[in-house]
Structures are given as C-alpha cells and as structure tokens.
Amino acid sequence: MSDELRVAVLGVGMMGAFHVDALSKRVRGAQVTVVNDYLDDKAKEVAGPIGARVEPDPIAAINDPEVDAVLIASPGDAHAAQLAACLDRGIPVLCEKPLTTDMNSAHAIVQKERALGKQLIQVGFMRRFDAEYAALRKLITDGGLGKPLMVHCVHRNPAVGDHFTSEFMIRDSVVHEVDSVRFLLGEELTSVEVIKGAATGSAPHGIHDPMLVIFETESGAIVTDEIFVRSGVAYEVRTEVVGEKGSAFIGLDQNLQTKSIDGRWGGKMTPSFVERFGGAYDVELQRWVDAAKSGTIDGASAWDGYAAVAVCEAGVQALRSGVKFHVHLTGGAVAAIEPEEQQAGIQAPDLEGAWP
Ligand code: ISE
C-alpha cells in the first residue's frame, strides 16, 4: 500500500460526491483514484477535477490494482454484491447505511466477514461522530442521567423524492435512530410498532408521512421516533433522553441568535444534512482512513449494520401488519423477528337514547 490510501468511491450522487470532496480536500492520507457511478456523466463530472479514473463497472473498480480501499455510497440495494466483492478481495470498506436492504443479505455479509477472521467493514452511521451525540453518550455512560427510561427522537427532512415510500422511510431514515439509540444506550432494541396517522398533503397517495415508530429496549426503556420526511421546513434531528436523574437534549439548532429592529428574533434553521452532520462525516472519514491503514475499523461494525437492518425489517413488518414485532438479537446471535399475538379489541356498547 502506498502512503496514501487509494480509494474507489462507488456511487457519486449527493452523498458520494460529498465524500469525494472530503477525501480530496479535507481528509489527510487518502486519495480518490477511481470513481464509479451508473450515470457516466456524473462519474466524469466528479472524477475530472480530482484526476481520478472513471470505471463503469463497480466490481472492476473494487478489483482495480490502484485501489486499496472502497467507499460505497451507491443505492442500498447494490450494497450486498459490492460488499461481498470487497470481502473477496480482502480490502477495507466504508459502506453508507443501510448495510443492505434486507435481513438475510445483511446476515450473509456478517457471516462472510466473520469467516475471514478480521473486520473489514465499517458502516457509515455518521451520527456516532457528531460532538453532541458523543457528549450525550458520555453523560449516559457516566451515569449523569441515572437509568435511561425514555428516548424521544424527531427526524424531519424538508423534502424527498417519490421513491420515499413508508417502507423506505423505515429502512433508509429510521435506521439512523435505530443505530443512534443502540450507540447511546449500549443495548439492543427488542420490539417495534408503527403508528400511522394523518399524512401531509405533499405525500403521494398511500404514503404514511409522518409516522410514529415506537421501540422498546432490552432494559424496558421506550423510544419514540417521529419520522417526517416531507415536513417542508428544515432538516431537524433531535433527541431527548429522559432518565431517573434528569433529562438531556441534543439537536436544538443553537446557532447565532439575532434580534432585529423589525421586532423579530431568532436563529437559522438547518436546511440539510450537510449543515447538521457535515463535520461528523469528515471526522468519520478521517478516522476510517487512519484505521484502514492499520488494518482495522473505527466506527459501526458489520454487526451494528446487521442489527440495524434486522430492527428495520421488524419495523417494515410492523408497518405492513399493524401489530408490534419483536426482535431477538442479543449477544451477537442471529436475529429473529416475530409478531406479537394480536390483541383482542373491545367493543364499546352503544348508548341508549339520543345524546343530549
Ligand atoms: C438519508 O439517507 C440520510 O442519511 C439523512 O441523514 C436522513 O435524514 C434521510 O432521511 C435519509 O434518507
């Protein structure tokens, strides 16, 4: 391996292009040598300014002799085959979330990596590298809040494309809360239910946006997650942890506050993930590059990625069926998901006579 980690970036849509920019300008010790995207023009546009080569076939990009490590930012359904090729070649890979889009393919990837006897896969859960999340986790692990009892999450995006169906919202967006709660509390999520309410008028017919997703954890803590990807307002990601000894809040957009002569006061809302998590992404990349050079990972593992996919799979089943789904996933064991016994409803008796 040369001094610089030579990286192939697969998928240069918004996220991949952001990573290419970081690897070329802000991260030390790495160089993007190969760029791949199913859109040839997009690949050329990103590769040109940094002098990288365009390779139209993702598997050829992974096996390119001028590539030491791979960053996967392609759509989730391409991840399984690309991760498998990285493992076949035995090179480090940073894979954007979700690890894969279903539990069985995620499990197969974990097994394949385990058979190699070394950790090559890091999953791009960037919130783990955000200073506010790190401070909240420290507060919890130091016992500052006492036993955590409730976690309230809000995850809003201003707008998304029509491909964001209710199921996609769980697999692609809620997956962040699944990982961050595992990271913050250090325990597994054991059940999921999904409450569908009134949908915003900007959601295509049949899409439940927003939804309330409710989890339970191993210790019995309750986690609520409002997922609303067409809020029309801003990129809002907030978390409050309520414990026996107090509560703590992150994600309040506490930037510059102004008061003006027209009688208005306030600060700026965060328009997108770049303003909220751009710094965390850069830290994540730097730590991945440093770790990859010494043959290790420094972030969410393939197991973490698998655990998140399994909980989201239970979430999708809960969404489809309308019942709570349990997830059995402890101590590195294989996940199983099963529905809760359907609860009997109660029929309120009709009142006699007219209501006054
Ligand atoms: C997207 O992929 C992200 O990672 C964003 O952080 C999240 O807010 C969005 O909902 C996801 O689809």
# chains A, B, ... in the order shown; residues from 1 in each chain; ligands from 1
$ residues_near_ligand --ligand "ligand 1" --cutoff "7 Å" --atoms "only C-alpha atoms and all ligand atoms" --output "PyMOL selection string"
chain A and resi 155-157+169+172-173+229+273
$ residues_around --residues "Val27 in chain A" --least-positions-apart "3" --cutoff "6 Å" --atoms "only C-alpha atoms" --output "MDAnalysis selection string"
chainID A and resid 22:23 286
$ write_last_selection --atoms "C-alpha atoms" --output "CSV table (one decimal), in the first residue's frame"
chain,number,residue,atom,x,y,z
A,22,ALA,CA,-13.9,15.5,1.7
A,23,LEU,CA,-11.3,12.8,0.7
A,286,GLN,CA,-10.6,10.7,8.7
$ select_by_dssp --residues "range 111-200 of chain A" --states "strand (DSSP E)" --output "PyMOL selection string"
chain A and resi 121-124+148-156+189-196
$ write_last_selection --atoms "N, CA and C atoms" --output "mmCIF file, in the first residue's frame"
data_model
loop_
_atom_site.group_PDB
_atom_site.id
_atom_site.type_symbol
_atom_site.label_atom_id
_atom_site.label_comp_id
_atom_site.auth_asym_id
_atom_site.auth_seq_id
_atom_site.Cartn_x
_atom_site.Cartn_y
_atom_site.Cartn_z
ATOM 1 N N ILE A 121 -15.288 -4.262 7.334
ATOM 2 C CA ILE A 121 -16.432 -3.401 7.010
ATOM 3 C C ILE A 121 -16.712 -2.407 8.133
ATOM 4 N N GLN A 122 -16.788 -1.137 7.764
ATOM 5 C CA GLN A 122 -17.286 -0.098 8.681
ATOM 6 C C GLN A 122 -18.558 0.473 8.056
ATOM 7 N N VAL A 123 -19.584 0.674 8.863
ATOM 8 C CA VAL A 123 -20.851 1.189 8.331
ATOM 9 C C VAL A 123 -20.957 2.678 8.635
ATOM 10 N N GLY A 124 -21.410 3.445 7.652
ATOM 11 C CA GLY A 124 -21.393 4.907 7.753
ATOM 12 C C GLY A 124 -22.514 5.503 8.582
ATOM 13 N N PRO A 148 -31.632 5.333 31.969
ATOM 14 C CA PRO A 148 -32.475 5.921 30.918
ATOM 15 C C PRO A 148 -33.842 5.225 30.865
ATOM 16 N N LEU A 149 -34.891 6.015 30.819
ATOM 17 C CA LEU A 149 -36.246 5.461 30.823
ATOM 18 C C LEU A 149 -36.956 5.676 29.489
ATOM 19 N N MET A 150 -36.716 6.832 28.893
ATOM 20 C CA MET A 150 -37.389 7.173 27.631
ATOM 21 C C MET A 150 -36.409 7.898 26.714
ATOM 22 N N VAL A 151 -36.560 7.682 25.413
ATOM 23 C CA VAL A 151 -35.805 8.466 24.430
ATOM 24 C C VAL A 151 -36.827 8.985 23.423
ATOM 25 N N HIS A 152 -36.799 10.286 23.186
ATOM 26 C CA HIS A 152 -37.729 10.871 22.214
ATOM 27 C C HIS A 152 -36.922 11.420 21.043
ATOM 28 N N CYS A 153 -37.178 10.893 19.864
ATOM 29 C CA CYS A 153 -36.430 11.336 18.683
ATOM 30 C C CYS A 153 -37.384 12.008 17.699
ATOM 31 N N VAL A 154 -36.864 13.014 17.035
ATOM 32 C CA VAL A 154 -37.573 13.663 15.924
ATOM 33 C C VAL A 154 -36.632 13.625 14.730
ATOM 34 N N HIS A 155 -37.107 13.151 13.589
ATOM 35 C CA HIS A 155 -36.275 13.073 12.380
ATOM 36 C C HIS A 155 -37.098 13.637 11.233
ATOM 37 N N ARG A 156 -36.779 14.879 10.875
ATOM 38 C CA ARG A 156 -37.543 15.530 9.798
ATOM 39 C C ARG A 156 -36.602 15.935 8.671
ATOM 40 N N LEU A 189 -32.500 -3.056 20.667
ATOM 41 C CA LEU A 189 -33.927 -2.753 20.591
ATOM 42 C C LEU A 189 -34.667 -4.088 20.450
ATOM 43 N N THR A 190 -35.729 -4.257 21.202
ATOM 44 C CA THR A 190 -36.363 -5.575 21.242
ATOM 45 C C THR A 190 -37.751 -5.628 20.604
ATOM 46 N N SER A 191 -38.364 -4.476 20.358
ATOM 47 C CA SER A 191 -39.656 -4.517 19.661
ATOM 48 C C SER A 191 -39.886 -3.209 18.906
ATOM 49 N N VAL A 192 -40.749 -3.286 17.916
ATOM 50 C CA VAL A 192 -41.083 -2.112 17.091
ATOM 51 C C VAL A 192 -42.572 -2.107 16.795
ATOM 52 N N GLU A 193 -43.185 -0.951 16.903
ATOM 53 C CA GLU A 193 -44.533 -0.789 16.354
ATOM 54 C C GLU A 193 -44.596 0.535 15.610
ATOM 55 N N VAL A 194 -45.486 0.616 14.671
ATOM 56 C CA VAL A 194 -45.554 1.808 13.816
ATOM 57 C C VAL A 194 -46.973 2.360 13.838
ATOM 58 N N ILE A 195 -47.086 3.619 14.223
ATOM 59 C CA ILE A 195 -48.400 4.271 14.243
ATOM 60 C C ILE A 195 -48.482 5.182 13.026
ATOM 61 N N LYS A 196 -49.512 4.942 12.203
ATOM 62 C CA LYS A 196 -49.687 5.778 11.013
ATOM 63 C C LYS A 196 -50.830 6.744 11.285
#
$ residues_around --residues "Glu341 in chain A" --least-positions-apart "4" --cutoff "10 Å" --atoms "only C-alpha atoms" --output "MDAnalysis selection string"
chainID A and resid 323:325
$ write_last_selection --atoms "C-alpha atoms" --output "PDB file, in the first residue's frame"
ATOM      1  CA  VAL A 323     -49.033  -5.195  15.006  1.00  0.00           C
ATOM      2  CA  LYS A 324     -45.965  -4.924  17.204  1.00  0.00           C
ATOM      3  CA  PHE A 325     -42.987  -7.014  16.105  1.00  0.00           C
TER       4      PHE A 325
END
$ atom_distance --atom1 "CA of Ser105 in chain A" --atom2 "CA of Val67 in chain A"
25.1 Å
$ closest_residue --among "A:Ala308, A:Leu136, A:Thr217, A:Lys118" --to "Glu188 in chain A" --atoms "only C-alpha atoms"
A:Thr217
$ residues_around --residues "Ala115 in chain A" --least-positions-apart "6" --cutoff "12 Å" --atoms "only C-alpha atoms" --output "short mmCIF file (atom, residue, chain, number, x, y, z; two decimals) with all heavy atoms, in the first residue's frame"
data_model
loop_
_atom_site.label_atom_id
_atom_site.label_comp_id
_atom_site.auth_asym_id
_atom_site.auth_seq_id
_atom_site.Cartn_x
_atom_site.Cartn_y
_atom_site.Cartn_z
N LEU A 87 -14.99 -8.04 0.32
CA LEU A 87 -14.54 -9.11 1.22
C LEU A 87 -13.74 -10.15 0.44
O LEU A 87 -12.72 -10.66 0.91
CB LEU A 87 -15.73 -9.76 1.93
CG LEU A 87 -16.49 -8.86 2.91
CD1 LEU A 87 -17.69 -9.60 3.50
CD2 LEU A 87 -15.58 -8.36 4.04
N ASP A 88 -14.19 -10.47 -0.79
CA ASP A 88 -13.45 -11.43 -1.62
C ASP A 88 -12.03 -10.94 -1.86
O ASP A 88 -11.08 -11.71 -1.87
CB ASP A 88 -14.15 -11.65 -2.97
CG ASP A 88 -15.38 -12.54 -2.83
OD1 ASP A 88 -15.46 -13.28 -1.83
OD2 ASP A 88 -16.28 -12.46 -3.70
N GLY A 90 -10.51 -8.80 0.12
CA GLY A 90 -9.88 -8.60 1.43
C GLY A 90 -9.41 -7.18 1.68
O GLY A 90 -8.39 -6.95 2.32
N ALA A 108 -25.77 -12.60 5.66
CA ALA A 108 -24.78 -13.29 4.83
C ALA A 108 -23.46 -12.51 4.80
O ALA A 108 -22.37 -13.10 4.84
CB ALA A 108 -25.32 -13.47 3.41
N ILE A 109 -23.55 -11.19 4.78
CA ILE A 109 -22.34 -10.35 4.76
C ILE A 109 -21.58 -10.47 6.09
O ILE A 109 -20.35 -10.62 6.12
CB ILE A 109 -22.71 -8.87 4.46
CG1 ILE A 109 -23.16 -8.71 3.01
CG2 ILE A 109 -21.57 -7.91 4.77
CD1 ILE A 109 -22.07 -9.02 1.96
#
$ atom_distance --atom1 "CA of Glu340 in chain A" --atom2 "CA of Glu240 in chain A"
27.6 Å
$ residues_around --residues "Gly279 in chain A" --least-positions-apart "5" --cutoff "12 Å" --atoms "only C-alpha atoms" --output "PyMOL selection string"
chain A and resi 18-19+22+26-27+126-132+273-274+284-286
$ residues_around --residues "Ile72 in chain A" --least-positions-apart "4" --cutoff "9 Å" --atoms "only C-alpha atoms" --output "number ranges by chain"
A: 8-11, 16, 79, 82-83, 93-96
$ select_by_dssp --residues "range 13-229 of chain A" --states "alpha helix (DSSP H)" --output "PyMOL selection string"
chain A and resi 14-25+40-47+58-62+79-89+103-116+131-141+166-168+175-185
$ atom_distance --atom1 "CA of Lys259 in chain A" --atom2 "CA of Gly278 in chain A"
27.4 Å
$ residues_around --residues "range 310-312 of chain A" --least-positions-apart "6" --cutoff "10 Å" --atoms "only C-alpha atoms" --output "number ranges by chain"
A: 98, 101-104, 106-107, 167-175, 178-179, 188-192, 215, 304, 318, 325-329, 334-337
$ closest_residue --among "A:Ala30, A:Ser301, A:Arg6, A:Pro210" --to "Ala198 in chain A" --atoms "only C-alpha atoms"
A:Pro210
$ closest_residue --among "A:Glu236, A:Phe249, A:Arg230, A:Pro56" --to "Leu145 in chain A" --atoms "only C-alpha atoms"
A:Phe249
$ decode --residues "range 317-354 of chain A" --atoms "N, CA, C and O atoms" --output "mmCIF file, in the first residue's frame"
data_model
loop_
_atom_site.group_PDB
_atom_site.id
_atom_site.type_symbol
_atom_site.label_atom_id
_atom_site.label_comp_id
_atom_site.auth_asym_id
_atom_site.auth_seq_id
_atom_site.Cartn_x
_atom_site.Cartn_y
_atom_site.Cartn_z
ATOM 1 N N GLN A 317 -42.262 -4.974 8.870
ATOM 2 C CA GLN A 317 -43.326 -5.968 9.127
ATOM 3 C C GLN A 317 -44.415 -5.357 10.006
ATOM 4 O O GLN A 317 -45.603 -5.601 9.807
ATOM 5 N N ALA A 318 -43.995 -4.556 10.994
ATOM 6 C CA ALA A 318 -44.960 -3.903 11.887
ATOM 7 C C ALA A 318 -45.819 -2.915 11.098
ATOM 8 O O ALA A 318 -47.029 -2.816 11.299
ATOM 9 N N LEU A 319 -45.186 -2.203 10.174
ATOM 10 C CA LEU A 319 -45.897 -1.246 9.327
ATOM 11 C C LEU A 319 -46.949 -1.966 8.484
ATOM 12 O O LEU A 319 -48.103 -1.553 8.378
ATOM 13 N N ARG A 320 -46.514 -3.094 7.871
ATOM 14 C CA ARG A 320 -47.438 -3.818 6.976
ATOM 15 C C ARG A 320 -48.599 -4.437 7.736
ATOM 16 O O ARG A 320 -49.728 -4.452 7.260
ATOM 17 N N SER A 321 -48.306 -5.002 8.914
ATOM 18 C CA SER A 321 -49.316 -5.794 9.614
ATOM 19 C C SER A 321 -50.141 -4.990 10.603
ATOM 20 O O SER A 321 -51.218 -5.405 11.005
ATOM 21 N N GLY A 322 -49.593 -3.863 11.052
ATOM 22 C CA GLY A 322 -50.289 -3.083 12.076
ATOM 23 C C GLY A 322 -50.095 -3.636 13.476
ATOM 24 O O GLY A 322 -50.708 -3.147 14.422
ATOM 25 N N VAL A 323 -49.275 -4.682 13.649
ATOM 26 C CA VAL A 323 -49.033 -5.195 15.006
ATOM 27 C C VAL A 323 -47.575 -4.995 15.393
ATOM 28 O O VAL A 323 -46.709 -4.793 14.539
ATOM 29 N N LYS A 324 -47.329 -5.080 16.694
ATOM 30 C CA LYS A 324 -45.965 -4.924 17.204
ATOM 31 C C LYS A 324 -45.120 -6.152 16.815
ATOM 32 O O LYS A 324 -45.616 -7.272 16.848
ATOM 33 N N PHE A 325 -43.895 -5.909 16.415
ATOM 34 C CA PHE A 325 -42.987 -7.014 16.105
ATOM 35 C C PHE A 325 -41.846 -7.046 17.112
ATOM 36 O O PHE A 325 -41.302 -6.004 17.470
ATOM 37 N N HIS A 326 -41.504 -8.254 17.545
ATOM 38 C CA HIS A 326 -40.389 -8.418 18.479
ATOM 39 C C HIS A 326 -39.132 -8.791 17.714
ATOM 40 O O HIS A 326 -39.199 -9.484 16.700
ATOM 41 N N VAL A 327 -38.000 -8.337 18.210
ATOM 42 C CA VAL A 327 -36.710 -8.663 17.581
ATOM 43 C C VAL A 327 -35.864 -9.359 18.641
ATOM 44 O O VAL A 327 -35.704 -8.841 19.743
ATOM 45 N N HIS A 328 -35.346 -10.527 18.306
ATOM 46 C CA HIS A 328 -34.457 -11.234 19.244
ATOM 47 C C HIS A 328 -33.055 -11.127 18.688
ATOM 48 O O HIS A 328 -32.749 -11.720 17.667
ATOM 49 N N LEU A 329 -32.241 -10.381 19.357
ATOM 50 C CA LEU A 329 -30.923 -10.093 18.800
ATOM 51 C C LEU A 329 -29.983 -9.736 19.946
ATOM 52 O O LEU A 329 -29.789 -8.569 20.245
ATOM 53 N N THR A 330 -29.494 -10.733 20.608
ATOM 54 C CA THR A 330 -28.630 -10.425 21.749
ATOM 55 C C THR A 330 -27.329 -11.212 21.651
ATOM 56 O O THR A 330 -27.295 -12.308 21.105
ATOM 57 N N GLY A 331 -26.299 -10.604 22.183
ATOM 58 C CA GLY A 331 -25.004 -11.285 22.296
ATOM 59 C C GLY A 331 -24.452 -11.794 20.984
ATOM 60 O O GLY A 331 -23.806 -12.830 20.924
ATOM 61 N N GLY A 332 -24.687 -11.078 19.909
ATOM 62 C CA GLY A 332 -24.111 -11.483 18.630
ATOM 63 C C GLY A 332 -24.842 -12.653 17.981
ATOM 64 O O GLY A 332 -24.381 -13.233 17.015
ATOM 65 N N ALA A 333 -26.014 -13.017 18.523
ATOM 66 C CA ALA A 333 -26.752 -14.139 17.931
ATOM 67 C C ALA A 333 -27.566 -13.673 16.722
ATOM 68 O O ALA A 333 -27.854 -12.496 16.563
ATOM 69 N N VAL A 334 -27.945 -14.630 15.904
ATOM 70 C CA VAL A 334 -28.719 -14.342 14.691
ATOM 71 C C VAL A 334 -30.068 -13.736 15.067
ATOM 72 O O VAL A 334 -30.675 -14.115 16.064
ATOM 73 N N ALA A 335 -30.529 -12.805 14.286
ATOM 74 C CA ALA A 335 -31.796 -12.134 14.603
ATOM 75 C C ALA A 335 -32.988 -12.983 14.205
ATOM 76 O O ALA A 335 -32.946 -13.713 13.228
ATOM 77 N N ALA A 336 -34.036 -12.882 14.997
ATOM 78 C CA ALA A 336 -35.319 -13.464 14.605
ATOM 79 C C ALA A 336 -36.354 -12.387 14.869
ATOM 80 O O ALA A 336 -36.245 -11.657 15.844
ATOM 81 N N ILE A 337 -37.316 -12.267 13.977
ATOM 82 C CA ILE A 337 -38.366 -11.282 14.246
ATOM 83 C C ILE A 337 -39.706 -11.999 14.209
ATOM 84 O O ILE A 337 -39.905 -12.915 13.429
ATOM 85 N N GLU A 338 -40.590 -11.641 15.104
ATOM 86 C CA GLU A 338 -41.899 -12.299 15.140
ATOM 87 C C GLU A 338 -42.975 -11.329 15.606
ATOM 88 O O GLU A 338 -42.694 -10.423 16.391
ATOM 89 N N PRO A 339 -44.207 -11.528 15.114
ATOM 90 C CA PRO A 339 -45.278 -10.609 15.511
ATOM 91 C C PRO A 339 -45.763 -10.898 16.922
ATOM 92 O O PRO A 339 -45.693 -12.031 17.389
ATOM 93 N N GLU A 340 -46.255 -9.851 17.573
ATOM 94 C CA GLU A 340 -46.892 -10.055 18.866
ATOM 95 C C GLU A 340 -48.263 -10.639 18.598
ATOM 96 O O GLU A 340 -48.877 -10.359 17.579
ATOM 97 N N GLU A 341 -48.716 -11.503 19.540
ATOM 98 C CA GLU A 341 -50.062 -12.054 19.404
ATOM 99 C C GLU A 341 -51.038 -10.898 19.210
ATOM 100 O O GLU A 341 -50.960 -9.903 19.928
ATOM 101 N N GLN A 342 -51.916 -11.051 18.238
ATOM 102 C CA GLN A 342 -52.902 -9.988 18.006
ATOM 103 C C GLN A 342 -53.726 -9.786 19.278
ATOM 104 O O GLN A 342 -54.224 -10.740 19.847
ATOM 105 N N GLN A 343 -53.826 -8.531 19.725
ATOM 106 C CA GLN A 343 -54.586 -8.256 20.934
ATOM 107 C C GLN A 343 -56.071 -8.106 20.570
ATOM 108 O O GLN A 343 -56.395 -7.496 19.559
ATOM 109 N N ALA A 344 -56.907 -8.654 21.433
ATOM 110 C CA ALA A 344 -58.338 -8.510 21.175
ATOM 111 C C ALA A 344 -58.750 -7.064 21.427
ATOM 112 O O ALA A 344 -58.250 -6.438 22.347
ATOM 113 N N GLY A 345 -59.634 -6.515 20.596
ATOM 114 C CA GLY A 345 -60.116 -5.150 20.810
ATOM 115 C C GLY A 345 -61.319 -5.177 21.748
ATOM 116 O O GLY A 345 -61.802 -6.251 22.109
ATOM 117 N N ILE A 346 -61.769 -4.041 22.180
ATOM 118 C CA ILE A 346 -63.006 -4.017 22.961
ATOM 119 C C ILE A 346 -64.064 -3.263 22.179
ATOM 120 O O ILE A 346 -63.773 -2.319 21.460
ATOM 121 N N GLN A 347 -65.253 -3.752 22.300
ATOM 122 C CA GLN A 347 -66.376 -3.112 21.603
ATOM 123 C C GLN A 347 -67.132 -2.269 22.628
ATOM 124 O O GLN A 347 -67.668 -2.802 23.600
ATOM 125 N N ALA A 348 -67.119 -0.960 22.455
ATOM 126 C CA ALA A 348 -67.859 -0.104 23.392
ATOM 127 C C ALA A 348 -69.344 -0.266 23.142
ATOM 128 O O ALA A 348 -69.777 -0.214 21.980
ATOM 129 N N PRO A 349 -70.129 -0.530 24.197
ATOM 130 C CA PRO A 349 -71.584 -0.702 23.976
ATOM 131 C C PRO A 349 -72.228 0.590 23.487
ATOM 132 O O PRO A 349 -71.778 1.675 23.865
ATOM 133 N N ASP A 350 -73.222 0.444 22.635
ATOM 134 C CA ASP A 350 -73.940 1.632 22.157
ATOM 135 C C ASP A 350 -74.704 2.278 23.313
ATOM 136 O O ASP A 350 -75.191 1.582 24.204
ATOM 137 N N LEU A 351 -74.773 3.586 23.310
ATOM 138 C CA LEU A 351 -75.561 4.279 24.334
ATOM 139 C C LEU A 351 -77.034 4.229 23.940
ATOM 140 O O LEU A 351 -77.358 4.289 22.755
ATOM 141 N N GLU A 352 -77.869 4.092 24.937
ATOM 142 C CA GLU A 352 -79.299 4.090 24.628
ATOM 143 C C GLU A 352 -79.817 5.518 24.570
ATOM 144 O O GLU A 352 -79.357 6.360 25.335
ATOM 145 N N GLY A 353 -80.664 5.781 23.654
ATOM 146 C CA GLY A 353 -81.262 7.105 23.561
ATOM 147 C C GLY A 353 -80.349 8.094 22.874
ATOM 148 O O GLY A 353 -79.197 7.798 22.590
ATOM 149 N N ALA A 354 -80.853 9.254 22.603
ATOM 150 C CA ALA A 354 -80.070 10.290 21.898
ATOM 151 C C ALA A 354 -79.192 11.029 22.878
ATOM 152 O O ALA A 354 -79.544 11.197 24.040
#
